[in-house]
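A.B. asks: Structure in structure tokens, see below.
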Amino acid sequence: MSTPAAGAIGRMRVALYGLVNLPTSIVGLPIALYIPAFYSQSLGLSLAMVGTLIALSRLTDVVTDPAIGIASDRWRTRFGRRKPWMVIGMPLKVLSLWMLFVPDSAFAMSLWSMLGGESVTNLYLFVWISLLYLGFTLMDLPYRAWGAELSPDYDERSKVTGWREAFGYGGTLLALLIPLIMSLVLDLPGPRNALLGVAVVVVISLPILTLPVLAFIREAPPRSAPTVRVEWRRGLKIVWRNGPYRRLVICFLFLVIAVSMTASLSFFFVSSVMEETFDRYAIFVLAYYLSSSLAIPIWMAISRRLGKHKTVVLGIAWLSLWSAFIPLMGPGHYWLFFVVMILKGSAVGALVFLPASMAADVVDLDTLRTGEQRTGLYFSLWGMVNKAAAALGVFLATNGVVWFGFIPGSDENTAAAKMAVACMYSIIPAALACVALPLLWKYPLTRERQTRMRAHIERRDLRRSQTA
């Protein structure tokens, strides 16, 4: 078994690898789009409390993400370092997903009763969303670290992450298409039925699409260990001292908060500010993320010409431009809003897959400096920031609009409350994304530097293999 050569990744390998992200990505968006609305409007929980509990559930990642990342770096089995964790995480992810998305089902109520619960409460929400996120960590973190190791080449990594995120957007589109089918075809509209449809599809598709990559795609062998092994606590310090990585993490934090705020308020903006039906909301969100997916090849082409960091800067500027028009819209402006949001949505792809590709490049800098391959550790911290930022975005958005007097599902919301929804849906996320601009513009890890690092690492590995 040999490490794939630069530029030698076949489409079939990349496709099988990327497919795993399809069912995983079906899950993520409904948590932001429908969980706050469903648990507040249908189950009677406070919207502010729902947002707070989602944020608090992310605190467990401070412990689990680095632990699993380090363990997946160091665990050696005949099946590889990454695959066993994905196998362990899959059952937990499927169970907790059903419990969170379909809490009023007979199975969920029976299991919760066996555990000592009586009804859907704040505790119920906190327990099952925390376990779902743990399942995400067990599966998704080793999966993404594995992807960073499929190729050492600068542009090939963009190919891997591009395919993965393209399938991810396919999952996102399914997450938006399923509620539309539930509403228009099965006559089952609303967040409750949207979550039911998503849960059924994921519970079936996750094992089906994950097992082939576990069975047929081999992991690249780990690099030979350095003479002196770096202790993991010191490893964490080294990770933070990695200047390009630290800069990239700060940028990613603000980008994910911005995207999360927009996602968590989209339902409330369309239903309460635009005063549109659930069917129109489902159509709009589907078109928004379809434009994001279709634009990914364009951003990849631009990144090959400008570099990844400057392409992300361009994507932020494009997103901010169209965000400025959103607070000016209201009832009767749906189709104008529809067009503007498609243009805005086309920027989101650049803010998702390119930073992930840049993070893979940063691992090379650490490998060059320490001689260790700590991809899992780097991606555990990356995933922790991603999930924490997404939860913080939900927290800021839901608590922010409640602070201004917004009441979910009410016909009595004031103009000030609706304007707060509009601004926290568009202007404030755009402003947060712009924080990343100065940090990205002079980002030091270019294609040329990454190529030199790879050549140095490969020469060093060759010397070690000859002296071993």
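Following the order of the structure tokens, first chain is A, next is B, and so on, with residues numbered from 1 inside each chain and ligands from 1 in the order they appear.
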According to DSSP computed on the backbone, where in region 373-442 of chain A is there alpha helix (DSSP H)? Give the residues as an MDAnalysis selection string.
C.D. replies: chainID A and resid 375:403 415:425 427:434 437:441
A.B. asks: Excluding Met341 (chain A) and residues on its chain fewer than 2 positions from it, collect all residues at most 10 Å away from it, counting only C-alpha atoms, and give them as a ChimeraX atom specification.
C.D. replies: /A:284-285,287-289,291,319,322-323,325-326,335-339,343-346
A.B. asks: Determine, counting only C-alpha atoms, which protein, DNA and RNA residues have an atom within 10 Å of an atom of Pro30 (chain A); residues of the same chain fewer than 2 positions away are not included. Present the result as a VMD selection string.
C.D. replies: chain A and resid 25 to 28 32 to 36 101 172 175 to 176 179 191 194 to 195 198 to 199 263 to 264
A.B. asks: Can you list, as a list in words, every protein, DNA or RNA residue that comes within 10 Å of Lys442 (chain A) when you count only C-alpha atoms, leaving out same-chain residues fewer than 4 positions away?
C.D. replies: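 In the requested format, the answer is His309, Lys310, Leu437, Pro438 and Thr446 of chain A.
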A.B. asks: Please provide as a list in words all residues within 12 Å of Leu253 (chain A), with the sequence filter that same-chain residues fewer than 5 positions apart are discarded (counting only C-alpha atoms).
C.D. replies: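 Skipping anything fewer than 5 positions along the chain leaves Arg246, Arg247, Leu248, Ala258, Val259, Ser260, Leu351, Val352, Pro355, Leu381, Trp382, Gly383, Met384, Val385, Asn386, Lys387, Ala388, Ala389, Ala390, Ala391, Leu392, Gly393, Pro429, Leu432, Ala433, Cys434, Val435 and Ala436 of chain A.
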A.B. asks: With N, CA, C and O atoms retained, export the selected residues as a compact mmCIF listing (two decimals), in the first residue's frame.
C.D. replies:
```txt
# COMPACT_ATOMS: atom_id res chain seq x y z
N ARG A 246 -3.35 29.59 13.27
CA ARG A 246 -4.06 30.46 14.21
C ARG A 246 -4.84 31.55 13.46
O ARG A 246 -5.99 31.83 13.77
N ARG A 247 -4.22 32.13 12.47
CA ARG A 247 -4.89 33.15 11.66
C ARG A 247 -6.10 32.57 10.94
O ARG A 247 -7.17 33.17 10.89
N LEU A 248 -5.92 31.36 10.39
CA LEU A 248 -7.01 30.72 9.65
C LEU A 248 -8.17 30.36 10.58
O LEU A 248 -9.35 30.53 10.21
N ALA A 258 -21.20 33.77 11.00
CA ALA A 258 -22.02 34.52 10.04
C ALA A 258 -22.98 33.61 9.30
O ALA A 258 -24.19 33.89 9.20
N VAL A 259 -22.47 32.49 8.78
CA VAL A 259 -23.33 31.56 8.03
C VAL A 259 -24.38 30.96 8.95
O VAL A 259 -25.55 30.78 8.55
N SER A 260 -24.02 30.64 10.19
CA SER A 260 -24.95 30.03 11.14
C SER A 260 -26.08 31.00 11.53
O SER A 260 -27.24 30.59 11.65
N LEU A 351 -16.66 30.06 1.08
CA LEU A 351 -16.39 30.22 2.50
C LEU A 351 -16.39 28.89 3.25
O LEU A 351 -16.09 28.86 4.45
N VAL A 352 -16.70 27.80 2.54
CA VAL A 352 -16.80 26.49 3.18
C VAL A 352 -15.64 25.58 2.80
O VAL A 352 -14.87 25.13 3.65
N PRO A 355 -11.46 27.21 3.01
CA PRO A 355 -10.77 27.19 4.30
C PRO A 355 -10.39 25.77 4.76
O PRO A 355 -9.34 25.60 5.37
N LEU A 381 -9.31 20.26 16.35
CA LEU A 381 -9.45 21.66 16.75
C LEU A 381 -10.24 22.44 15.72
O LEU A 381 -11.05 23.31 16.05
N TRP A 382 -10.02 22.13 14.46
CA TRP A 382 -10.78 22.77 13.38
C TRP A 382 -12.26 22.46 13.52
O TRP A 382 -13.12 23.35 13.42
N GLY A 383 -12.57 21.18 13.74
CA GLY A 383 -13.97 20.80 13.91
C GLY A 383 -14.59 21.41 15.15
O GLY A 383 -15.77 21.78 15.14
N MET A 384 -13.81 21.50 16.22
CA MET A 384 -14.31 22.10 17.45
C MET A 384 -14.67 23.56 17.22
O MET A 384 -15.73 24.04 17.66
N VAL A 385 -13.81 24.29 16.52
CA VAL A 385 -14.10 25.69 16.20
C VAL A 385 -15.32 25.79 15.30
O VAL A 385 -16.19 26.64 15.50
N ASN A 386 -15.41 24.89 14.33
CA ASN A 386 -16.55 24.90 13.41
C ASN A 386 -17.86 24.72 14.16
O ASN A 386 -18.81 25.51 13.99
N LYS A 387 -17.93 23.71 15.02
CA LYS A 387 -19.17 23.42 15.74
C LYS A 387 -19.48 24.48 16.79
O LYS A 387 -20.64 24.87 16.99
N ALA A 388 -18.43 24.95 17.47
CA ALA A 388 -18.65 25.99 18.48
C ALA A 388 -19.13 27.28 17.83
O ALA A 388 -20.04 27.95 18.34
N ALA A 389 -18.55 27.62 16.69
CA ALA A 389 -18.96 28.84 15.98
C ALA A 389 -20.38 28.72 15.46
O ALA A 389 -21.16 29.68 15.53
N ALA A 390 -20.73 27.53 14.95
CA ALA A 390 -22.11 27.33 14.47
C ALA A 390 -23.10 27.47 15.62
O ALA A 390 -24.16 28.11 15.47
N ALA A 391 -22.77 26.89 16.77
CA ALA A 391 -23.66 27.00 17.93
C ALA A 391 -23.73 28.43 18.43
O ALA A 391 -24.80 28.92 18.82
N LEU A 392 -22.59 29.12 18.44
CA LEU A 392 -22.58 30.52 18.88
C LEU A 392 -23.41 31.38 17.94
O LEU A 392 -24.12 32.30 18.39
N GLY A 393 -23.37 31.07 16.65
CA GLY A 393 -24.20 31.81 15.71
C GLY A 393 -25.68 31.63 16.00
O GLY A 393 -26.45 32.60 15.96
N PRO A 429 -24.32 39.38 10.18
CA PRO A 429 -23.44 38.30 9.70
C PRO A 429 -22.41 38.76 8.67
O PRO A 429 -21.26 38.32 8.71
N LEU A 432 -19.60 40.48 10.47
CA LEU A 432 -18.74 39.51 11.14
C LEU A 432 -17.81 38.81 10.15
O LEU A 432 -16.63 38.58 10.44
N ALA A 433 -18.34 38.48 8.98
CA ALA A 433 -17.50 37.84 7.96
C ALA A 433 -16.36 38.76 7.52
O ALA A 433 -15.25 38.31 7.24
N CYS A 434 -16.63 40.06 7.48
CA CYS A 434 -15.61 41.02 7.04
C CYS A 434 -14.43 41.13 8.01
O CYS A 434 -13.37 41.65 7.64
N VAL A 435 -14.61 40.66 9.25
CA VAL A 435 -13.49 40.65 10.20
C VAL A 435 -12.33 39.84 9.64
O VAL A 435 -11.15 40.11 9.92
N ALA A 436 -12.64 38.83 8.83
CA ALA A 436 -11.60 37.95 8.29
C ALA A 436 -10.79 38.59 7.16
O ALA A 436 -9.71 38.08 6.82
```
A.B. asks: Would you list the contacts of Leu196 (chain A) as a list in words, taking every protein, DNA or RNA residue within 12 Å and counting only C-alpha atoms, but skipping same-chain residues closer than 4 positions in sequence?
C.D. replies: Val27, Pro30, Tyr34, Ile35, Phe38, Leu97, Trp98, Met99, Leu100, Phe101, Val102, Pro103, Asp104, Ser105, Ala175, Ile178, Pro179, Ile181, Met182, Ser183, Leu188, Pro189, Gly190, Pro191, Arg192, Val200, Val201, Val202 and Val203 of chain A
